[in-house]
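Colleague: Encoded as structure tokens, here's the structure I'll be asking about.
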Amino acid sequence: MKPRGKVEKASPRASDRVPPRINPLRWLLWWILLFFALILFYGLFAPFWFGLRLAAWMAEFRARRQRARLAGQGY
């Protein structure tokens with residue numbers, strides 16, 4: 001028998017719960033960090049990566065030319 005005056009609360013399902021609101025300052029911080037991360041990636045890392053790939057391509061091209069030249073000399 002249940003005691004009088006006490007009402008049992010039904011536990012809400014996970015899908016029925018409302019997520020807590022996010023503080024607007026956290027949203028602002030998120031967008032600022034995202035902005036600087038994109039600037040860092042596209043402004044610094046991508047050109048550096050393309051420069052490395054260009055250097056590797058040039059080194060391979062020079063090595064192939066040198067191999068072809070040496071093969072023509074009978075080595």
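Ligands are numbered from 1 in the order shown, chains are lettered A, B, ... in the order of the structure tokens, and residues start at 1 in each chain.
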If you run DSSP over the backbone, which residues in chain A end up alpha helix (DSSP H)? Put them as an MDAnalysis selection string.

Modeller: chainID A and resid 24:40 46:72

Colleague: Taking N, CA and C atoms for each residue, export the selection above as a short mmCIF file (atom, residue, chain, number, x, y, z; two decimals), in the first residue's frame.

Modeller:
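Written out: selection-v1.cif:
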data_model
loop_
_atom_site.label_atom_id
_atom_site.label_comp_id
_atom_site.auth_asym_id
_atom_site.auth_seq_id
_atom_site.Cartn_x
_atom_site.Cartn_y
_atom_site.Cartn_z
N PRO A 24 24.55 31.70 -24.34
CA PRO A 24 24.96 32.42 -25.56
C PRO A 24 26.46 32.74 -25.59
N LEU A 25 27.08 32.91 -24.43
CA LEU A 25 28.52 33.16 -24.42
C LEU A 25 29.30 31.94 -24.90
N ARG A 26 28.78 30.77 -24.62
CA ARG A 26 29.44 29.54 -25.11
C ARG A 26 29.29 29.45 -26.63
N TRP A 27 28.12 29.83 -27.15
CA TRP A 27 27.96 29.84 -28.61
C TRP A 27 28.93 30.83 -29.24
N LEU A 28 29.05 32.00 -28.64
CA LEU A 28 29.97 33.01 -29.15
C LEU A 28 31.40 32.48 -29.13
N LEU A 29 31.80 31.86 -28.04
CA LEU A 29 33.14 31.29 -27.94
C LEU A 29 33.35 30.21 -28.99
N TRP A 30 32.34 29.36 -29.21
CA TRP A 30 32.42 28.30 -30.21
C TRP A 30 32.66 28.88 -31.60
N TRP A 31 31.88 29.89 -31.97
CA TRP A 31 32.01 30.47 -33.31
C TRP A 31 33.34 31.20 -33.49
N ILE A 32 33.81 31.85 -32.45
CA ILE A 32 35.11 32.54 -32.53
C ILE A 32 36.23 31.52 -32.70
N LEU A 33 36.19 30.45 -31.92
CA LEU A 33 37.22 29.41 -32.05
C LEU A 33 37.15 28.73 -33.41
N LEU A 34 35.96 28.50 -33.90
CA LEU A 34 35.81 27.89 -35.22
C LEU A 34 36.37 28.81 -36.30
N PHE A 35 36.11 30.09 -36.20
CA PHE A 35 36.62 31.06 -37.16
C PHE A 35 38.14 31.02 -37.21
N PHE A 36 38.79 31.09 -36.03
CA PHE A 36 40.25 31.09 -36.00
C PHE A 36 40.83 29.75 -36.43
N ALA A 37 40.15 28.67 -36.14
CA ALA A 37 40.62 27.35 -36.58
C ALA A 37 40.58 27.25 -38.10
N LEU A 38 39.53 27.80 -38.71
CA LEU A 38 39.45 27.78 -40.18
C LEU A 38 40.52 28.66 -40.81
N ILE A 39 40.76 29.80 -40.21
CA ILE A 39 41.82 30.69 -40.70
C ILE A 39 43.16 29.99 -40.59
N LEU A 40 43.41 29.34 -39.46
CA LEU A 40 44.67 28.64 -39.26
C LEU A 40 44.83 27.52 -40.28
N ALA A 46 47.18 24.68 -45.19
CA ALA A 46 46.96 24.27 -46.58
C ALA A 46 48.09 24.77 -47.49
N PRO A 47 48.51 26.03 -47.43
CA PRO A 47 49.63 26.45 -48.28
C PRO A 47 50.93 25.70 -47.94
N PHE A 48 51.14 25.43 -46.68
CA PHE A 48 52.33 24.66 -46.29
C PHE A 48 52.27 23.27 -46.90
N TRP A 49 51.10 22.63 -46.83
CA TRP A 49 50.94 21.29 -47.40
C TRP A 49 51.14 21.32 -48.92
N PHE A 50 50.55 22.32 -49.58
CA PHE A 50 50.73 22.41 -51.03
C PHE A 50 52.19 22.66 -51.38
N GLY A 51 52.90 23.43 -50.58
CA GLY A 51 54.32 23.66 -50.81
C GLY A 51 55.12 22.37 -50.67
N LEU A 52 54.81 21.57 -49.67
CA LEU A 52 55.49 20.28 -49.51
C LEU A 52 55.21 19.36 -50.69
N ARG A 53 53.96 19.33 -51.14
CA ARG A 53 53.62 18.47 -52.28
C ARG A 53 54.32 18.95 -53.55
N LEU A 54 54.42 20.25 -53.73
CA LEU A 54 55.12 20.80 -54.89
C LEU A 54 56.59 20.43 -54.85
N ALA A 55 57.22 20.55 -53.68
CA ALA A 55 58.64 20.18 -53.55
C ALA A 55 58.84 18.69 -53.85
N ALA A 56 57.95 17.84 -53.36
CA ALA A 56 58.05 16.40 -53.62
C ALA A 56 57.87 16.12 -55.11
N TRP A 57 56.93 16.81 -55.75
CA TRP A 57 56.70 16.61 -57.18
C TRP A 57 57.92 17.03 -57.99
N MET A 58 58.50 18.17 -57.61
CA MET A 58 59.68 18.64 -58.33
C MET A 58 60.86 17.69 -58.14
N ALA A 59 61.05 17.17 -56.93
CA ALA A 59 62.14 16.22 -56.69
C ALA A 59 61.95 14.94 -57.50
N GLU A 60 60.72 14.46 -57.57
CA GLU A 60 60.45 13.26 -58.37
C GLU A 60 60.69 13.53 -59.85
N PHE A 61 60.27 14.68 -60.33
CA PHE A 61 60.46 15.04 -61.73
C PHE A 61 61.96 15.10 -62.07
N ARG A 62 62.74 15.70 -61.19
CA ARG A 62 64.19 15.81 -61.43
C ARG A 62 64.84 14.43 -61.39
N ALA A 63 64.39 13.58 -60.46
CA ALA A 63 64.96 12.23 -60.37
C ALA A 63 64.65 11.42 -61.63
N ARG A 64 63.44 11.57 -62.16
CA ARG A 64 63.08 10.85 -63.39
C ARG A 64 63.92 11.34 -64.57
N ARG A 65 64.12 12.65 -64.65
CA ARG A 65 64.94 13.19 -65.74
C ARG A 65 66.36 12.69 -65.65
N GLN A 66 66.90 12.66 -64.42
CA GLN A 66 68.27 12.20 -64.23
C GLN A 66 68.40 10.71 -64.57
N ARG A 67 67.42 9.90 -64.18
CA ARG A 67 67.42 8.47 -64.49
C ARG A 67 67.37 8.25 -66.00
N ALA A 68 66.56 9.03 -66.68
CA ALA A 68 66.43 8.91 -68.12
C ALA A 68 67.75 9.31 -68.80
N ARG A 69 68.39 10.32 -68.28
CA ARG A 69 69.65 10.78 -68.85
C ARG A 69 70.73 9.72 -68.64
N LEU A 70 70.77 9.13 -67.43
CA LEU A 70 71.77 8.10 -67.15
C LEU A 70 71.50 6.84 -67.97
N ALA A 71 70.21 6.51 -68.19
CA ALA A 71 69.89 5.34 -68.99
C ALA A 71 70.33 5.52 -70.44
N GLY A 72 70.31 6.75 -70.92
CA GLY A 72 70.73 7.03 -72.29
C GLY A 72 72.24 6.92 -72.46
#
